[in-house]
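One file, entry17.pdb, carrying PDB, C-alpha atoms:
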```pdb
ATOM      1  CA  MET J   1       0.000   0.000   0.000
ATOM      2  CA  THR J   2       1.495   3.316  -1.057
ATOM      3  CA  GLU J   3       1.452   6.514   0.946
ATOM      4  CA  LEU J   4      -1.270   7.759  -1.408
ATOM      5  CA  HIS J   5      -3.405   4.672  -0.731
ATOM      6  CA  GLN J   6      -3.034   5.265   2.999
ATOM      7  CA  ALA J   7      -3.898   8.961   2.781
ATOM      8  CA  ALA J   8      -6.965   8.240   0.624
ATOM      9  CA  ALA J   9      -8.120   5.448   2.950
ATOM     10  CA  ALA J  10      -7.695   7.740   5.949
ATOM     11  CA  GLY J  11      -9.618  10.522   4.238
ATOM     12  CA  ASP J  12      -6.685  12.923   4.591
ATOM     13  CA  TYR J  13      -7.440  15.338   1.735
ATOM     14  CA  ASP J  14      -4.501  17.637   2.480
ATOM     15  CA  LEU J  15      -2.001  14.776   2.423
ATOM     16  CA  VAL J  16      -3.531  13.370  -0.783
ATOM     17  CA  GLU J  17      -3.208  16.804  -2.376
ATOM     18  CA  ASP J  18       0.407  17.130  -1.206
ATOM     19  CA  ILE J  19       1.372  13.691  -2.525
ATOM     20  CA  LEU J  20      -0.243  14.424  -5.872
ATOM     21  CA  LYS J  21       1.476  17.811  -6.155
ATOM     22  CA  ARG J  22       4.848  16.248  -5.399
ATOM     23  CA  ASN J  23       4.095  13.465  -7.915
ATOM     24  CA  ILE J  24       5.637  10.812  -5.674
ATOM     25  CA  CYS J  25       2.977   8.090  -6.078
ATOM     26  CA  ASN J  26       1.137   6.768  -9.099
ATOM     27  CA  PRO J  27      -2.578   7.498  -8.506
ATOM     28  CA  ASN J  28      -3.419   4.368 -10.530
ATOM     29  CA  HIS J  29      -1.236   1.931  -8.603
ATOM     30  CA  LYS J  30      -3.159  -1.252  -7.837
ATOM     31  CA  ASP J  31      -2.355  -2.704  -4.425
ATOM     32  CA  ILE J  32      -2.047  -6.465  -4.891
ATOM     33  CA  ASP J  33      -2.479  -7.044  -1.154
ATOM     34  CA  TRP J  34      -5.923  -5.412  -1.290
ATOM     35  CA  ASP J  35      -7.567  -7.024  -4.338
ATOM     36  CA  GLY J  36      -5.988  -4.482  -6.689
ATOM     37  CA  ARG J  37      -7.500  -1.398  -5.079
ATOM     38  CA  THR J  38      -6.287   2.014  -6.153
ATOM     39  CA  PRO J  39      -6.314   5.120  -3.960
ATOM     40  CA  LEU J  40      -9.532   6.098  -5.761
ATOM     41  CA  HIS J  41     -11.238   2.873  -4.650
ATOM     42  CA  TRP J  42     -10.300   3.691  -1.048
ATOM     43  CA  ALA J  43     -11.544   7.276  -1.250
ATOM     44  CA  ALA J  44     -14.840   6.116  -2.769
ATOM     45  CA  ALA J  45     -15.362   3.456  -0.101
ATOM     46  CA  LYS J  46     -14.685   5.952   2.672
ATOM     47  CA  GLY J  47     -17.095   8.540   1.260
ATOM     48  CA  GLN J  48     -14.454  11.151   0.493
ATOM     49  CA  ALA J  49     -16.071  12.959  -2.471
ATOM     50  CA  GLU J  50     -13.549  15.807  -2.603
ATOM     51  CA  THR J  51     -10.660  13.345  -2.435
ATOM     52  CA  VAL J  52     -12.279  11.414  -5.295
ATOM     53  CA  LYS J  53     -12.419  14.643  -7.284
ATOM     54  CA  ILE J  54      -8.802  15.646  -6.710
ATOM     55  CA  LEU J  55      -7.566  12.135  -7.492
ATOM     56  CA  ILE J  56      -9.424  12.089 -10.821
ATOM     57  CA  GLU J  57      -8.295  15.617 -11.635
ATOM     58  CA  ASN J  58      -4.730  14.417 -11.104
ATOM     59  CA  GLY J  59      -4.872  11.378 -13.343
ATOM     60  CA  ALA J  60      -6.622   8.673 -11.333
ATOM     61  CA  ARG J  61      -8.629   6.533 -13.744
ATOM     62  CA  PRO J  62     -12.141   5.863 -12.381
ATOM     63  CA  CYS J  63     -12.553   2.913 -14.747
ATOM     64  CA  LEU J  64      -9.878   0.829 -13.018
ATOM     65  CA  ARG J  65     -11.177  -2.306 -11.356
ATOM     66  CA  THR J  66     -10.188  -4.539  -8.506
ATOM     67  CA  ASP J  67      -9.534  -8.234  -9.072
ATOM     68  CA  SER J  68     -13.250  -8.882  -8.512
ATOM     69  CA  GLY J  69     -14.216  -6.223 -11.052
ATOM     70  CA  TRP J  70     -15.253  -3.459  -8.713
ATOM     71  CA  THR J  71     -14.979   0.150  -9.822
ATOM     72  CA  PRO J  72     -14.951   3.037  -7.345
ATOM     73  CA  ALA J  73     -18.720   3.247  -7.922
ATOM     74  CA  HIS J  74     -19.162  -0.297  -6.558
ATOM     75  CA  PHE J  75     -17.414   0.684  -3.326
ATOM     76  CA  ALA J  76     -19.438   3.878  -2.994
ATOM     77  CA  ALA J  77     -22.699   2.028  -3.638
ATOM     78  CA  GLU J  78     -21.899  -0.734  -1.139
ATOM     79  CA  SER J  79     -21.161   1.859   1.539
ATOM     80  CA  GLY J  80     -24.098   4.128   0.697
ATOM     81  CA  ARG J  81     -21.848   7.032  -0.278
ATOM     82  CA  LEU J  82     -24.308   9.110  -2.300
ATOM     83  CA  GLY J  83     -21.997  12.136  -2.400
ATOM     84  CA  VAL J  84     -19.260  10.036  -3.984
ATOM     85  CA  LEU J  85     -21.670   8.537  -6.506
ATOM     86  CA  ARG J  86     -22.789  12.052  -7.443
ATOM     87  CA  MET J  87     -19.174  13.166  -7.804
ATOM     88  CA  LEU J  88     -18.229  10.148  -9.919
ATOM     89  CA  HIS J  89     -21.243  10.734 -12.141
ATOM     90  CA  SER J  90     -20.479  14.444 -12.527
ATOM     91  CA  LEU J  91     -16.967  13.505 -13.673
ATOM     92  CA  HIS J  92     -18.366  10.961 -16.178
ATOM     93  CA  ALA J  93     -16.848   7.998 -14.373
ATOM     94  CA  PRO J  94     -18.292   4.566 -15.170
ATOM     95  CA  ILE J  95     -21.104   3.872 -12.728
ATOM     96  CA  ASP J  96     -22.820   0.953 -14.442
ATOM     97  CA  LYS J  97     -20.129  -1.685 -14.994
ATOM     98  CA  GLU J  98     -20.715  -5.291 -13.972
ATOM     99  CA  ASP J  99     -18.277  -7.060 -11.651
ATOM    100  CA  VAL J 100     -17.258 -10.738 -12.017
ATOM    101  CA  SER J 101     -20.578 -11.778 -10.472
ATOM    102  CA  GLY J 102     -22.570  -9.621 -12.873
ATOM    103  CA  ASP J 103     -23.470  -7.045 -10.227
ATOM    104  CA  LYS J 104     -23.572  -3.347 -11.009
ATOM    105  CA  PRO J 105     -23.242  -0.674  -8.322
ATOM    106  CA  ILE J 106     -27.032  -0.220  -8.309
ATOM    107  CA  ARG J 107     -27.457  -3.869  -7.263
ATOM    108  CA  LEU J 108     -25.007  -3.438  -4.388
ATOM    109  CA  ALA J 109     -26.815  -0.324  -3.213
ATOM    110  CA  ALA J 110     -30.086  -2.272  -3.257
ATOM    111  CA  ILE J 111     -28.611  -5.263  -1.402
ATOM    112  CA  TYR J 112     -27.336  -3.002   1.383
ATOM    113  CA  GLY J 113     -30.558  -0.990   1.600
ATOM    114  CA  HIS J 114     -29.204   2.330   0.346
ATOM    115  CA  LYS J 115     -32.444   3.485  -1.255
ATOM    116  CA  ASP J 116     -31.190   7.015  -1.943
ATOM    117  CA  CYS J 117     -28.254   5.569  -3.891
ATOM    118  CA  VAL J 118     -30.528   3.233  -5.842
ATOM    119  CA  LYS J 119     -32.835   6.092  -6.766
ATOM    120  CA  PHE J 120     -29.890   8.225  -7.872
ATOM    121  CA  LEU J 121     -28.258   5.402  -9.863
ATOM    122  CA  GLU J 122     -31.490   4.632 -11.716
ATOM    123  CA  ILE J 123     -31.369   8.114 -13.222
ATOM    124  CA  ALA J 124     -27.568   8.361 -13.448
ATOM    125  CA  GLU J 125     -27.263   5.130 -15.436
ATOM    126  CA  VAL J 126     -29.580   6.503 -18.121
ATOM    127  CA  GLU J 127     -27.697   9.802 -18.188
ATOM    128  CA  SER J 128     -24.383   7.933 -18.452
ATOM    129  CA  ARG J 129     -25.595   5.864 -21.387
ATOM    130  CA  ASP J 130     -26.796   9.049 -23.106
ATOM    131  CA  PHE J 131     -23.420  10.701 -22.480
ATOM    132  CA  GLN J 132     -21.561   7.661 -23.818
ATOM    133  CA  GLN J 133     -23.690   7.605 -26.958
ATOM    134  CA  MET J 134     -23.141  11.328 -27.530
ATOM    135  CA  ALA J 135     -19.396  10.942 -27.035
ATOM    136  CA  GLU J 136     -19.353   8.060 -29.505
ATOM    137  CA  LEU J 137     -21.260  10.121 -32.095
ATOM    138  CA  ARG J 138     -18.822  12.998 -31.662
ATOM    139  CA  GLY J 139     -15.822  10.697 -31.794
ATOM    140  CA  THR J 140     -14.779  11.721 -28.298
ATOM    141  CA  PRO J 141     -12.766   8.946 -26.634
ATOM    142  CA  LEU J 142     -13.863   7.944 -23.138
ATOM    143  CA  ASP J 143     -11.628   6.420 -20.498
ATOM    144  CA  ASP J 144     -14.116   3.797 -19.388
ATOM    145  CA  THR J 145     -12.286   0.489 -19.819
ATOM    146  CA  ASP J 146      -9.657  -1.147 -17.621
ATOM    147  CA  GLU J 147      -7.758  -3.066 -20.273
ATOM    148  CA  GLU J 148      -5.760  -5.100 -17.745
ATOM    149  CA  TRP J 149      -8.929  -6.255 -15.993
ATOM    150  CA  GLU J 150     -10.637  -7.089 -19.289
ATOM    151  CA  GLU J 151      -7.711  -9.395 -20.141
ATOM    152  CA  LYS J 152      -7.959 -11.111 -16.741
ATOM    153  CA  LYS J 153     -11.716 -11.503 -17.191
ATOM    154  CA  LYS J 154     -11.188 -13.040 -20.616
ATOM    155  CA  GLU J 155      -8.663 -15.522 -19.193
ATOM    156  CA  MET J 156     -11.059 -16.476 -16.383
ATOM    157  CA  GLU J 157     -13.854 -17.124 -18.878
ATOM    158  CA  GLU J 158     -11.552 -19.250 -21.069
ATOM    159  CA  ASN J 159     -10.466 -21.335 -18.066
ATOM    160  CA  LYS J 160     -14.030 -22.202 -17.030
TER     161      LYS J 160
END
```

If you took the structure in this file and wrote it as structure tokens, what would it be?
Amino acid sequence: MTELHQAAAAGDYDLVEDILKRNICNPNHKDIDWDGRTPLHWAAAKGQAETVKILIENGARPCLRTDSGWTPAHFAAESGRLGVLRMLHSLHAPIDKEDVSGDKPIRLAAIYGHKDCVKFLEIAEVESRDFQQMAELRGTPLDDTDEEWEEKKKEMEENK
């Protein structure tokens, strides 16, 4: 776990900002000891919306997934972090990807009884699809795929 992971997990915005300014840690580093979590996954799980924002503004890729296929939106939905889900959505982060079990963040929010998150995600998923379609029509590339995870997923499916 890098210093940036620790600062994000602790919710220490000032330290996260300092580390990013000094460019001493890769904001997309996946911690193999924690299922491949990035600092952004930690910030999302802990409900740190402003930390999520600064991480993304400084190069953190919100499409990166853990070994089980979770995006930051999955962690926010599981924990009922509506503010983080709103922030992720406002930054056009993927909020409707399926994990290895086929669960999207909206399903996790429902399982854990976070009705406000479910209600938000119902609308946000439609808006995200519309945004993706518009970007595709305009030829605007979106950073919505974790290529490394897609390869692992493909290997898992082939080995079944």

Of the listed residues J:Lys104, J:Lys160, J:Lys53, J:Lys97, that which approaches Glu78 in chain J most closely, counting all atoms listed in the file: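 Ranking J:Lys104, J:Lys160, J:Lys53, J:Lys97 by distance to Glu78 in chain J, first place goes to J:Lys104.
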
Output check: residues returned by the PyMOL selection byres ((chain J and resi 120) around 10), as a PyMOL selection string: chain J and resi 82+85-86+89+106+115-119+121-125

Any idea what the distance is between CA of Met134 in chain J and CA of Leu91 in chain J?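 A separation of 15.3 Å between them.
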
Pairwise distance for CA of Pro105 in chain J and CA of Asn159 in chain J, rounded to one decimal in Å: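 According to the coordinates, CA of Pro105 in chain J and CA of Asn159 in chain J are separated by 26.2 Å.
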
Mind telling me what the PyMOL selection byres ((chain J and resi 46) around 9) catches here, as a ChimeraX atom specification? /J:8-11,41-45,47-49,75-76,79,81

For the atom pair CA of Gly59 in chain J and CA of Glu136 in chain J, what is the interatomic distance in Å to one decimal place?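 Answer for the CA of Gly59 in chain J to CA of Glu136 in chain J separation: 22.0 Å.
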
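With only C-alpha atoms as the atoms that count, the minimum distance from Glu50 in chain J to the choices J:Gly69, J:Asp33, J:Val84, J:Ala77 is reached by J:Val84.
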
Put the listed atoms of range 60-76 of chain J in a box along x, y and z with 6 Å added on every side and give me the centre and edge lengths in Å to one decimal, as JSON.
```
{"center_x": -13.0, "center_y": -0.1, "center_z": -8.9, "size_x": 24.8, "size_y": 29.6, "size_z": 23.8}
```

Which of these residues is nearest to Trp34 in chain J, using only C-alpha atoms: J:Cys63, J:Gly139, J:Gln6, J:Lys153?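 Closest to Trp34 in chain J, using only C-alpha atoms: J:Gln6.
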
For Leu20 in chain J, find every residue with an atom within 10 Å (counting all atoms listed in the file), except residues of its own chain fewer than 2 positions away, and show them as a list in words. Leu4, Asp14, Leu15, Val16, Glu17, Asp18, Arg22, Asn23, Ile24, Cys25, Asn26, Pro27, Ile54, Leu55, Glu57, Asn58 and Gly59 of chain J

Considering only C-alpha atoms, can you say which of J:Ser101, J:Thr145, J:Thr51, J:Ser90 comes closest to Glu127 in chain J? J:Ser90

Which residue out of J:Ala73, J:Glu3, J:Ile32, J:Asp67 has the minimum interatomic distance to Glu151 in chain J when only C-alpha atoms are used? J:Asp67

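The residue that comes closest to Asp35 in chain J, out of J:Trp149, J:Asp96, J:Lys21, J:Arg138 and on the basis of all atoms listed in the file, is J:Trp149.
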
Around the point (-10.4, -14.3, -12.7) (coordinates from the file), which residues reach within 8 Å if we count all atoms listed in the file? Answer as a PyMOL selection string. chain J and resi 67-68+100+152-153+155-157

Some atoms are missing, so please complete range 26-37 of chain J with all heavy atoms and return it as a PDB file, in the coordinates of the input.
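Final file, rebuild.pdb:
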```pdb
ATOM      1  N   ASN J  26       2.019   6.952  -7.949  1.00  0.00           N
ATOM      2  CA  ASN J  26       1.137   6.768  -9.099  1.00  0.00           C
ATOM      3  C   ASN J  26      -0.308   6.661  -8.589  1.00  0.00           C
ATOM      4  O   ASN J  26      -0.625   5.734  -7.838  1.00  0.00           O
ATOM      5  CB  ASN J  26       1.540   5.493  -9.843  1.00  0.00           C
ATOM      6  CG  ASN J  26       0.637   5.166 -11.007  1.00  0.00           C
ATOM      7  OD1 ASN J  26      -0.354   5.840 -11.272  1.00  0.00           O
ATOM      8  ND2 ASN J  26       0.984   4.105 -11.711  1.00  0.00           N
ATOM      9  N   PRO J  27      -1.197   7.561  -8.995  1.00  0.00           N
ATOM     10  CA  PRO J  27      -2.578   7.498  -8.506  1.00  0.00           C
ATOM     11  C   PRO J  27      -3.339   6.283  -9.022  1.00  0.00           C
ATOM     12  O   PRO J  27      -4.430   5.991  -8.546  1.00  0.00           O
ATOM     13  CB  PRO J  27      -3.199   8.802  -9.007  1.00  0.00           C
ATOM     14  CG  PRO J  27      -2.386   9.187 -10.182  1.00  0.00           C
ATOM     15  CD  PRO J  27      -0.998   8.695  -9.900  1.00  0.00           C
ATOM     16  N   ASN J  28      -2.756   5.547  -9.968  1.00  0.00           N
ATOM     17  CA  ASN J  28      -3.419   4.368 -10.530  1.00  0.00           C
ATOM     18  C   ASN J  28      -2.778   3.060 -10.090  1.00  0.00           C
ATOM     19  O   ASN J  28      -3.090   2.007 -10.626  1.00  0.00           O
ATOM     20  CB  ASN J  28      -3.428   4.470 -12.059  1.00  0.00           C
ATOM     21  CG  ASN J  28      -4.280   5.623 -12.516  1.00  0.00           C
ATOM     22  OD1 ASN J  28      -5.428   5.744 -12.135  1.00  0.00           O
ATOM     23  ND2 ASN J  28      -3.693   6.506 -13.306  1.00  0.00           N
ATOM     24  N   HIS J  29      -1.897   3.144  -9.094  1.00  0.00           N
ATOM     25  CA  HIS J  29      -1.236   1.931  -8.603  1.00  0.00           C
ATOM     26  C   HIS J  29      -2.267   1.008  -7.956  1.00  0.00           C
ATOM     27  O   HIS J  29      -3.032   1.415  -7.080  1.00  0.00           O
ATOM     28  CB  HIS J  29      -0.151   2.291  -7.581  1.00  0.00           C
ATOM     29  CG  HIS J  29       0.516   1.097  -6.998  1.00  0.00           C
ATOM     30  ND1 HIS J  29       1.480   0.383  -7.662  1.00  0.00           N
ATOM     31  CD2 HIS J  29       0.324   0.474  -5.811  1.00  0.00           C
ATOM     32  CE1 HIS J  29       1.872  -0.629  -6.906  1.00  0.00           C
ATOM     33  NE2 HIS J  29       1.184  -0.597  -5.771  1.00  0.00           N
ATOM     34  N   LYS J  30      -2.266  -0.247  -8.408  1.00  0.00           N
ATOM     35  CA  LYS J  30      -3.159  -1.252  -7.837  1.00  0.00           C
ATOM     36  C   LYS J  30      -2.418  -2.018  -6.750  1.00  0.00           C
ATOM     37  O   LYS J  30      -1.368  -2.605  -7.009  1.00  0.00           O
ATOM     38  CB  LYS J  30      -3.655  -2.210  -8.922  1.00  0.00           C
ATOM     39  CG  LYS J  30      -4.577  -1.562  -9.923  1.00  0.00           C
ATOM     40  CD  LYS J  30      -5.110  -2.589 -10.902  1.00  0.00           C
ATOM     41  CE  LYS J  30      -6.127  -1.973 -11.840  1.00  0.00           C
ATOM     42  NZ  LYS J  30      -6.743  -3.004 -12.690  1.00  0.00           N
ATOM     43  N   ASP J  31      -2.972  -2.024  -5.565  1.00  0.00           N
ATOM     44  CA  ASP J  31      -2.355  -2.704  -4.425  1.00  0.00           C
ATOM     45  C   ASP J  31      -2.732  -4.182  -4.461  1.00  0.00           C
ATOM     46  O   ASP J  31      -3.891  -4.541  -4.228  1.00  0.00           O
ATOM     47  CB  ASP J  31      -2.836  -2.065  -3.127  1.00  0.00           C
ATOM     48  CG  ASP J  31      -2.110  -2.600  -1.913  1.00  0.00           C
ATOM     49  OD1 ASP J  31      -1.605  -3.739  -1.964  1.00  0.00           O
ATOM     50  OD2 ASP J  31      -2.049  -1.888  -0.906  1.00  0.00           O
ATOM     51  N   ILE J  32      -1.760  -5.036  -4.758  1.00  0.00           N
ATOM     52  CA  ILE J  32      -2.047  -6.465  -4.891  1.00  0.00           C
ATOM     53  C   ILE J  32      -2.462  -7.110  -3.573  1.00  0.00           C
ATOM     54  O   ILE J  32      -3.125  -8.141  -3.566  1.00  0.00           O
ATOM     55  CB  ILE J  32      -0.861  -7.235  -5.513  1.00  0.00           C
ATOM     56  CG1 ILE J  32       0.394  -7.071  -4.671  1.00  0.00           C
ATOM     57  CG2 ILE J  32      -0.618  -6.800  -6.939  1.00  0.00           C
ATOM     58  CD1 ILE J  32       1.551  -7.967  -5.092  1.00  0.00           C
ATOM     59  N   ASP J  33      -2.088  -6.501  -2.459  1.00  0.00           N
ATOM     60  CA  ASP J  33      -2.479  -7.044  -1.154  1.00  0.00           C
ATOM     61  C   ASP J  33      -3.940  -6.730  -0.811  1.00  0.00           C
ATOM     62  O   ASP J  33      -4.485  -7.297   0.130  1.00  0.00           O
ATOM     63  CB  ASP J  33      -1.571  -6.499  -0.054  1.00  0.00           C
ATOM     64  CG  ASP J  33      -0.145  -7.013  -0.186  1.00  0.00           C
ATOM     65  OD1 ASP J  33       0.051  -8.139  -0.691  1.00  0.00           O
ATOM     66  OD2 ASP J  33       0.783  -6.281   0.202  1.00  0.00           O
ATOM     67  N   TRP J  34      -4.548  -5.819  -1.558  1.00  0.00           N
ATOM     68  CA  TRP J  34      -5.923  -5.412  -1.290  1.00  0.00           C
ATOM     69  C   TRP J  34      -6.788  -5.558  -2.540  1.00  0.00           C
ATOM     70  O   TRP J  34      -7.519  -4.659  -2.920  1.00  0.00           O
ATOM     71  CB  TRP J  34      -5.976  -3.972  -0.774  1.00  0.00           C
ATOM     72  CG  TRP J  34      -5.511  -3.849   0.632  1.00  0.00           C
ATOM     73  CD1 TRP J  34      -4.260  -3.561   1.079  1.00  0.00           C
ATOM     74  CD2 TRP J  34      -6.307  -4.042   1.800  1.00  0.00           C
ATOM     75  NE1 TRP J  34      -4.217  -3.563   2.442  1.00  0.00           N
ATOM     76  CE2 TRP J  34      -5.467  -3.855   2.921  1.00  0.00           C
ATOM     77  CE3 TRP J  34      -7.645  -4.357   2.030  1.00  0.00           C
ATOM     78  CZ2 TRP J  34      -5.915  -3.971   4.230  1.00  0.00           C
ATOM     79  CZ3 TRP J  34      -8.094  -4.469   3.327  1.00  0.00           C
ATOM     80  CH2 TRP J  34      -7.242  -4.274   4.406  1.00  0.00           C
ATOM     81  N   ASP J  35      -6.687  -6.703  -3.214  1.00  0.00           N
ATOM     82  CA  ASP J  35      -7.567  -7.024  -4.338  1.00  0.00           C
ATOM     83  C   ASP J  35      -7.386  -6.064  -5.514  1.00  0.00           C
ATOM     84  O   ASP J  35      -8.282  -5.881  -6.319  1.00  0.00           O
ATOM     85  CB  ASP J  35      -9.028  -7.036  -3.854  1.00  0.00           C
ATOM     86  CG  ASP J  35     -10.001  -7.658  -4.844  1.00  0.00           C
ATOM     87  OD1 ASP J  35      -9.636  -8.634  -5.520  1.00  0.00           O
ATOM     88  OD2 ASP J  35     -11.141  -7.154  -4.946  1.00  0.00           O
ATOM     89  N   GLY J  36      -6.245  -5.401  -5.586  1.00  0.00           N
ATOM     90  CA  GLY J  36      -5.988  -4.482  -6.689  1.00  0.00           C
ATOM     91  C   GLY J  36      -6.628  -3.116  -6.538  1.00  0.00           C
ATOM     92  O   GLY J  36      -6.859  -2.416  -7.523  1.00  0.00           O
ATOM     93  N   ARG J  37      -6.889  -2.725  -5.298  1.00  0.00           N
ATOM     94  CA  ARG J  37      -7.500  -1.398  -5.079  1.00  0.00           C
ATOM     95  C   ARG J  37      -6.510  -0.278  -5.372  1.00  0.00           C
ATOM     96  O   ARG J  37      -5.339  -0.356  -5.035  1.00  0.00           O
ATOM     97  CB  ARG J  37      -7.964  -1.247  -3.633  1.00  0.00           C
ATOM     98  CG  ARG J  37      -9.144  -2.086  -3.273  1.00  0.00           C
ATOM     99  CD  ARG J  37      -9.590  -1.804  -1.863  1.00  0.00           C
ATOM    100  NE  ARG J  37     -10.554  -2.793  -1.428  1.00  0.00           N
ATOM    101  CZ  ARG J  37     -11.213  -2.722  -0.290  1.00  0.00           C
ATOM    102  NH1 ARG J  37     -11.002  -1.707   0.538  1.00  0.00           N
ATOM    103  NH2 ARG J  37     -12.073  -3.655   0.039  1.00  0.00           N
TER     104      ARG J  37
END
```
